[in-house]
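Accompanying notes for the structure given below.
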Amino acid sequence: MTMKFIILLFWFAVLTEFTIAIFMPQYRDPFLFDPIIGSREQPCEFFIESNGIKTIKYANNAGFVDDEWITPKPPHVKRIALLGDSFAEAWQVPNADDFESRLEEKFRQGGSSIEVLNFGMRGMGTYQEY
């Protein structure tokens, strides 16, 4: 009787896990723990949909929504750090239209080789930026 009960309990657990996996899928947590700022994005490409507009965004290896940064910095390039919260991060804006890309383009048109590094992250405040 005990062995039948254990086998029944085992199959019940397997069936329950299978049912939960199919009908209640788990979504990945988009954040990683960071000992300095608390959390940051997992490096990946992801889709955002807002007001019926789908946007593809990319989180770089540093965990910020920006293009990959070349390290070490090329000697002829100057860099500007863009700090802020979700307004600087610009989730709902296509990469080519966000503030940092437009600012870099203005610098390029003026003949400057300046990169704008976007350190914006939703929910970030002055405390984490310090």
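Ordered as shown in the structure tokens, chains take letters A, B, and onward, while each chain numbers its residues from 1 and ligands are numbered from 1 in the order shown.
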
Determine which residues of chain A receive a DSSP assignment of alpha helix (DSSP H), computed from the backbone, and state them as a ChimeraX atom specification. /A:2-23,86-89,99-109,126-129

Who sits within 7 Å of stretch 35-51 of chain A, only C-alpha atoms, same chain under 6 positions skipped, as a PyMOL selection string: chain A and resi 57-61+63-64+92+128

Which residue gives the smallest distance to A:Lys54 among A:Val93, A:Ile70, A:Met24, A:Val116, with only C-alpha atoms counted?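 Of A:Val93, A:Ile70, A:Met24, A:Val116, the one nearest A:Lys54, counting only C-alpha atoms, is A:Val93.
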
Identify all residues of chain A in strand (DSSP E or B) (DSSP on the backbone) and supply them as a tab-separated table (two decimals) with all heavy atoms, in the first residue's frame.
```
chain	number	residue	atom	x	y	z
A	31	PHE	N	15.96	41.49	-14.83
A	31	PHE	CA	17.02	42.15	-14.08
A	31	PHE	C	18.00	41.16	-13.46
A	31	PHE	O	17.64	40.04	-13.11
A	31	PHE	CB	16.43	43.01	-12.96
A	31	PHE	CG	15.60	44.14	-13.47
A	31	PHE	CD1	14.23	44.06	-13.44
A	31	PHE	CD2	16.19	45.26	-14.01
A	31	PHE	CE1	13.45	45.10	-13.92
A	31	PHE	CE2	15.43	46.31	-14.49
A	31	PHE	CZ	14.05	46.22	-14.44
A	32	LEU	N	19.23	41.60	-13.31
A	32	LEU	CA	20.27	40.87	-12.60
A	32	LEU	C	20.66	41.67	-11.37
A	32	LEU	O	20.62	42.90	-11.39
A	32	LEU	CB	21.51	40.70	-13.48
A	32	LEU	CG	21.38	39.86	-14.73
A	32	LEU	CD1	22.64	39.96	-15.57
A	32	LEU	CD2	21.13	38.41	-14.36
A	33	PHE	N	21.05	40.98	-10.31
A	33	PHE	CA	21.53	41.68	-9.13
A	33	PHE	C	22.86	42.36	-9.45
A	33	PHE	O	23.73	41.79	-10.10
A	33	PHE	CB	21.72	40.72	-7.96
A	33	PHE	CG	22.38	41.35	-6.77
A	33	PHE	CD1	21.69	42.24	-5.97
A	33	PHE	CD2	23.69	41.09	-6.48
A	33	PHE	CE1	22.30	42.85	-4.89
A	33	PHE	CE2	24.32	41.69	-5.40
A	33	PHE	CZ	23.62	42.57	-4.61
A	34	ASP	N	23.01	43.58	-9.01
A	34	ASP	CA	24.26	44.31	-9.17
A	34	ASP	C	24.64	44.85	-7.79
A	34	ASP	O	23.86	45.58	-7.19
A	34	ASP	CB	24.09	45.46	-10.16
A	34	ASP	CG	25.40	46.12	-10.49
A	34	ASP	OD1	25.95	46.82	-9.60
A	34	ASP	OD2	25.88	45.96	-11.62
A	38	GLY	N	22.30	47.94	-7.39
A	38	GLY	CA	21.13	47.17	-6.97
A	38	GLY	C	20.66	46.18	-8.02
A	38	GLY	O	20.52	45.01	-7.75
A	39	SER	N	20.40	46.66	-9.24
A	39	SER	CA	19.99	45.77	-10.32
A	39	SER	C	20.33	46.41	-11.66
A	39	SER	O	20.54	47.61	-11.75
A	39	SER	CB	18.49	45.49	-10.24
A	39	SER	OG	17.76	46.66	-10.47
A	40	ARG	N	20.38	45.56	-12.68
A	40	ARG	CA	20.60	46.03	-14.03
A	40	ARG	C	19.95	45.04	-14.99
A	40	ARG	O	19.56	43.95	-14.58
A	40	ARG	CB	22.09	46.18	-14.33
A	40	ARG	CG	22.88	44.90	-14.21
A	40	ARG	CD	24.37	45.14	-14.43
A	40	ARG	NE	25.13	43.94	-14.21
A	40	ARG	CZ	25.40	43.03	-15.14
A	40	ARG	NH1	24.97	43.20	-16.36
A	40	ARG	NH2	26.09	41.95	-14.85
A	41	GLU	N	19.79	45.43	-16.24
A	41	GLU	CA	19.17	44.58	-17.26
A	41	GLU	C	20.03	43.38	-17.58
A	41	GLU	O	21.25	43.48	-17.58
A	41	GLU	CB	19.05	45.34	-18.57
A	41	GLU	CG	17.87	46.12	-18.91
A	41	GLU	CD	16.51	45.55	-18.78
A	41	GLU	OE1	16.23	44.43	-19.22
A	41	GLU	OE2	15.69	46.27	-18.25
A	44	CYS	N	20.42	41.30	-23.58
A	44	CYS	CA	19.59	40.59	-24.54
A	44	CYS	C	18.89	41.58	-25.46
A	44	CYS	O	18.95	42.78	-25.25
A	44	CYS	CB	18.54	39.74	-23.83
A	44	CYS	SG	17.30	40.71	-22.96
A	45	GLU	N	18.21	41.03	-26.46
A	45	GLU	CA	17.33	41.82	-27.30
A	45	GLU	C	15.91	41.53	-26.85
A	45	GLU	O	15.57	40.38	-26.56
A	45	GLU	CB	17.51	41.41	-28.76
A	45	GLU	CG	16.72	42.23	-29.73
A	45	GLU	CD	16.98	41.82	-31.16
A	45	GLU	OE1	16.39	40.81	-31.60
A	45	GLU	OE2	17.79	42.49	-31.83
A	46	PHE	N	15.06	42.55	-26.76
A	46	PHE	CA	13.70	42.31	-26.30
A	46	PHE	C	12.74	43.24	-27.01
A	46	PHE	O	13.14	44.21	-27.65
A	46	PHE	CB	13.60	42.47	-24.77
A	46	PHE	CG	14.11	43.79	-24.25
A	46	PHE	CD1	13.27	44.86	-24.08
A	46	PHE	CD2	15.45	43.93	-23.93
A	46	PHE	CE1	13.76	46.07	-23.60
A	46	PHE	CE2	15.94	45.13	-23.45
A	46	PHE	CZ	15.09	46.20	-23.29
A	47	PHE	N	11.46	42.91	-26.93
A	47	PHE	CA	10.42	43.67	-27.60
A	47	PHE	C	9.59	44.41	-26.56
A	47	PHE	O	9.29	43.89	-25.50
A	47	PHE	CB	9.49	42.74	-28.39
A	47	PHE	CG	10.18	41.99	-29.47
A	47	PHE	CD1	10.72	40.74	-29.24
A	47	PHE	CD2	10.30	42.53	-30.73
A	47	PHE	CE1	11.36	40.04	-30.24
A	47	PHE	CE2	10.95	41.86	-31.74
A	47	PHE	CZ	11.48	40.60	-31.50
A	48	ILE	N	9.23	45.63	-26.89
A	48	ILE	CA	8.35	46.43	-26.05
A	48	ILE	C	7.14	46.80	-26.90
A	48	ILE	O	7.28	47.19	-28.05
A	48	ILE	CB	9.06	47.74	-25.59
A	48	ILE	CG1	10.33	47.43	-24.84
A	48	ILE	CG2	8.13	48.60	-24.79
A	48	ILE	CD1	10.13	46.69	-23.55
A	49	GLU	N	5.95	46.66	-26.34
A	49	GLU	CA	4.76	47.11	-27.04
A	49	GLU	C	4.04	48.12	-26.17
A	49	GLU	O	3.71	47.86	-25.02
A	49	GLU	CB	3.83	45.93	-27.35
A	49	GLU	CG	2.65	46.34	-28.18
A	49	GLU	CD	1.83	45.17	-28.69
A	49	GLU	OE1	2.22	44.02	-28.48
A	49	GLU	OE2	0.79	45.43	-29.31
A	50	SER	N	3.82	49.30	-26.73
A	50	SER	CA	3.16	50.37	-26.00
A	50	SER	C	2.25	51.12	-26.97
A	50	SER	O	2.69	51.56	-28.04
A	50	SER	CB	4.20	51.32	-25.40
A	50	SER	OG	3.56	52.39	-24.75
A	53	ILE	N	2.35	50.08	-30.60
A	53	ILE	CA	3.61	50.22	-31.33
A	53	ILE	C	4.62	49.24	-30.74
A	53	ILE	O	4.88	49.26	-29.55
A	53	ILE	CB	4.14	51.67	-31.23
A	53	ILE	CG1	3.12	52.63	-31.84
A	53	ILE	CG2	5.48	51.78	-31.93
A	53	ILE	CD1	3.44	54.08	-31.59
A	54	LYS	N	5.18	48.38	-31.60
A	54	LYS	CA	6.18	47.42	-31.16
A	54	LYS	C	7.57	47.99	-31.42
A	54	LYS	O	7.85	48.49	-32.50
A	54	LYS	CB	6.01	46.10	-31.89
A	54	LYS	CG	4.74	45.38	-31.52
A	54	LYS	CD	4.62	44.07	-32.25
A	54	LYS	CE	3.30	43.41	-31.88
A	54	LYS	NZ	3.08	42.19	-32.62
A	55	THR	N	8.42	47.91	-30.42
A	55	THR	CA	9.78	48.43	-30.53
A	55	THR	C	10.76	47.34	-30.11
A	55	THR	O	10.54	46.67	-29.11
A	55	THR	CB	9.96	49.66	-29.61
A	55	THR	OG1	8.97	50.63	-29.94
A	55	THR	CG2	11.32	50.27	-29.78
A	56	ILE	N	11.83	47.19	-30.86
A	56	ILE	CA	12.89	46.26	-30.49
A	56	ILE	C	13.97	47.06	-29.77
A	56	ILE	O	14.44	48.08	-30.26
A	56	ILE	CB	13.51	45.57	-31.73
A	56	ILE	CG1	12.44	44.75	-32.46
A	56	ILE	CG2	14.68	44.70	-31.33
A	56	ILE	CD1	12.92	44.20	-33.78
A	57	LYS	N	14.33	46.60	-28.58
A	57	LYS	CA	15.38	47.26	-27.80
A	57	LYS	C	16.48	46.25	-27.52
A	57	LYS	O	16.30	45.05	-27.66
A	57	LYS	CB	14.83	47.82	-26.49
A	57	LYS	CG	13.78	48.89	-26.64
A	57	LYS	CD	14.30	50.13	-27.32
A	57	LYS	CE	14.97	51.05	-26.36
A	57	LYS	NZ	15.34	52.33	-26.95
A	58	TYR	N	17.62	46.75	-27.10
A	58	TYR	CA	18.77	45.89	-26.83
A	58	TYR	C	19.44	46.34	-25.54
A	58	TYR	O	19.72	47.52	-25.36
A	58	TYR	CB	19.76	45.98	-27.99
A	58	TYR	CG	21.00	45.16	-27.77
A	58	TYR	CD1	20.98	43.79	-27.92
A	58	TYR	CD2	22.18	45.75	-27.37
A	58	TYR	CE1	22.11	43.03	-27.70
A	58	TYR	CE2	23.31	45.01	-27.14
A	58	TYR	CZ	23.28	43.64	-27.31
A	58	TYR	OH	24.39	42.90	-27.08
A	59	ALA	N	19.67	45.41	-24.65
A	59	ALA	CA	20.44	45.69	-23.43
A	59	ALA	C	21.85	45.17	-23.66
A	59	ALA	O	22.05	44.00	-23.99
A	59	ALA	CB	19.81	45.01	-22.22
A	65	VAL	N	20.27	49.78	-21.52
A	65	VAL	CA	19.61	49.81	-22.82
A	65	VAL	C	20.36	50.79	-23.71
A	65	VAL	O	20.12	51.99	-23.71
A	65	VAL	CB	18.12	50.18	-22.68
A	65	VAL	CG1	17.45	50.20	-24.04
A	65	VAL	CG2	17.42	49.20	-21.76
A	78	LYS	N	35.57	61.23	-27.61
A	78	LYS	CA	35.18	61.73	-26.28
A	78	LYS	C	33.83	61.10	-25.96
A	78	LYS	O	33.04	60.80	-26.84
A	78	LYS	CB	35.07	63.25	-26.30
A	78	LYS	CG	36.40	63.92	-26.53
A	78	LYS	CD	36.26	65.41	-26.51
A	78	LYS	CE	37.63	66.03	-26.79
A	78	LYS	NZ	37.57	67.47	-26.88
A	79	ARG	N	33.58	60.92	-24.67
A	79	ARG	CA	32.33	60.29	-24.24
A	79	ARG	C	31.57	61.17	-23.27
A	79	ARG	O	32.16	61.85	-22.44
A	79	ARG	CB	32.62	58.94	-23.59
A	79	ARG	CG	33.06	57.89	-24.59
A	79	ARG	CD	33.25	56.55	-23.95
A	79	ARG	NE	33.39	55.52	-24.98
A	79	ARG	CZ	33.77	54.30	-24.73
A	79	ARG	NH1	34.03	53.91	-23.50
A	79	ARG	NH2	33.88	53.43	-25.71
A	80	ILE	N	30.24	61.10	-23.39
A	80	ILE	CA	29.33	61.79	-22.48
A	80	ILE	C	28.48	60.72	-21.81
A	80	ILE	O	27.93	59.84	-22.49
A	80	ILE	CB	28.43	62.78	-23.24
A	80	ILE	CG1	29.27	63.90	-23.87
A	80	ILE	CG2	27.36	63.36	-22.32
A	80	ILE	CD1	28.48	64.83	-24.76
A	81	ALA	N	28.35	60.79	-20.50
A	81	ALA	CA	27.51	59.84	-19.76
A	81	ALA	C	26.12	60.45	-19.58
A	81	ALA	O	25.98	61.56	-19.07
A	81	ALA	CB	28.12	59.53	-18.40
A	82	LEU	N	25.11	59.72	-20.01
A	82	LEU	CA	23.73	60.13	-19.85
A	82	LEU	C	23.16	59.38	-18.66
A	82	LEU	O	23.03	58.15	-18.69
A	82	LEU	CB	22.94	59.82	-21.12
A	82	LEU	CG	21.46	60.14	-21.13
A	82	LEU	CD1	21.24	61.64	-20.96
A	82	LEU	CD2	20.83	59.67	-22.43
A	114	ILE	N	31.99	62.13	-30.74
A	114	ILE	CA	31.56	62.02	-29.35
A	114	ILE	C	30.54	60.89	-29.25
A	114	ILE	O	29.60	60.83	-30.04
A	114	ILE	CB	30.95	63.35	-28.84
A	114	ILE	CG1	32.02	64.44	-28.84
A	114	ILE	CG2	30.34	63.16	-27.46
A	114	ILE	CD1	31.52	65.80	-28.43
A	115	GLU	N	30.73	60.01	-28.29
A	115	GLU	CA	29.78	58.94	-28.00
A	115	GLU	C	28.98	59.33	-26.77
A	115	GLU	O	29.53	59.86	-25.81
A	115	GLU	CB	30.50	57.63	-27.71
A	115	GLU	CG	31.14	56.97	-28.88
A	115	GLU	CD	31.80	55.65	-28.49
A	115	GLU	OE1	32.04	55.42	-27.29
A	115	GLU	OE2	32.09	54.87	-29.40
A	116	VAL	N	27.69	59.02	-26.79
A	116	VAL	CA	26.84	59.24	-25.63
A	116	VAL	C	26.51	57.87	-25.06
A	116	VAL	O	25.91	57.03	-25.74
A	116	VAL	CB	25.55	60.00	-26.00
A	116	VAL	CG1	24.69	60.21	-24.77
A	116	VAL	CG2	25.89	61.34	-26.64
A	117	LEU	N	26.95	57.61	-23.84
A	117	LEU	CA	26.69	56.33	-23.17
A	117	LEU	C	25.46	56.48	-22.28
A	117	LEU	O	25.44	57.34	-21.39
A	117	LEU	CB	27.89	55.90	-22.33
A	117	LEU	CG	29.24	55.83	-23.07
A	117	LEU	CD1	30.32	55.36	-22.13
A	117	LEU	CD2	29.15	54.95	-24.28
A	118	ASN	N	24.46	55.65	-22.53
A	118	ASN	CA	23.20	55.76	-21.80
A	118	ASN	C	23.22	54.87	-20.56
A	118	ASN	O	23.17	53.65	-20.66
A	118	ASN	CB	22.04	55.38	-22.72
A	118	ASN	CG	20.70	55.66	-22.10
A	118	ASN	OD1	20.60	56.02	-20.94
A	118	ASN	ND2	19.66	55.51	-22.88
```

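Comparing A:Ile20, A:Ala62, A:Pro94, A:Val77 by their smallest distance to A:Phe107, the closest is A:Val77 (using only C-alpha atoms).
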
Between atom CA of A:Gly84 and atom CA of A:Arg122, what distance in Å does the model show, to one decimal?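 Pair atom CA of A:Gly84 / atom CA of A:Arg122 returns 8.1 Å.
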
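Atom CA of A:Met124 lies 26.9 Å from atom CA of A:Lys106.
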
Tell me which of A:Ser113, A:Met3, A:Phe18, A:Ala96 sits closest to A:His76, counting only C-alpha atoms. A:Ser113

To one decimal place, how far is atom CA of A:Asp67 from atom CA of A:Gly52 in Å?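 So the answer is 24.6 Å.
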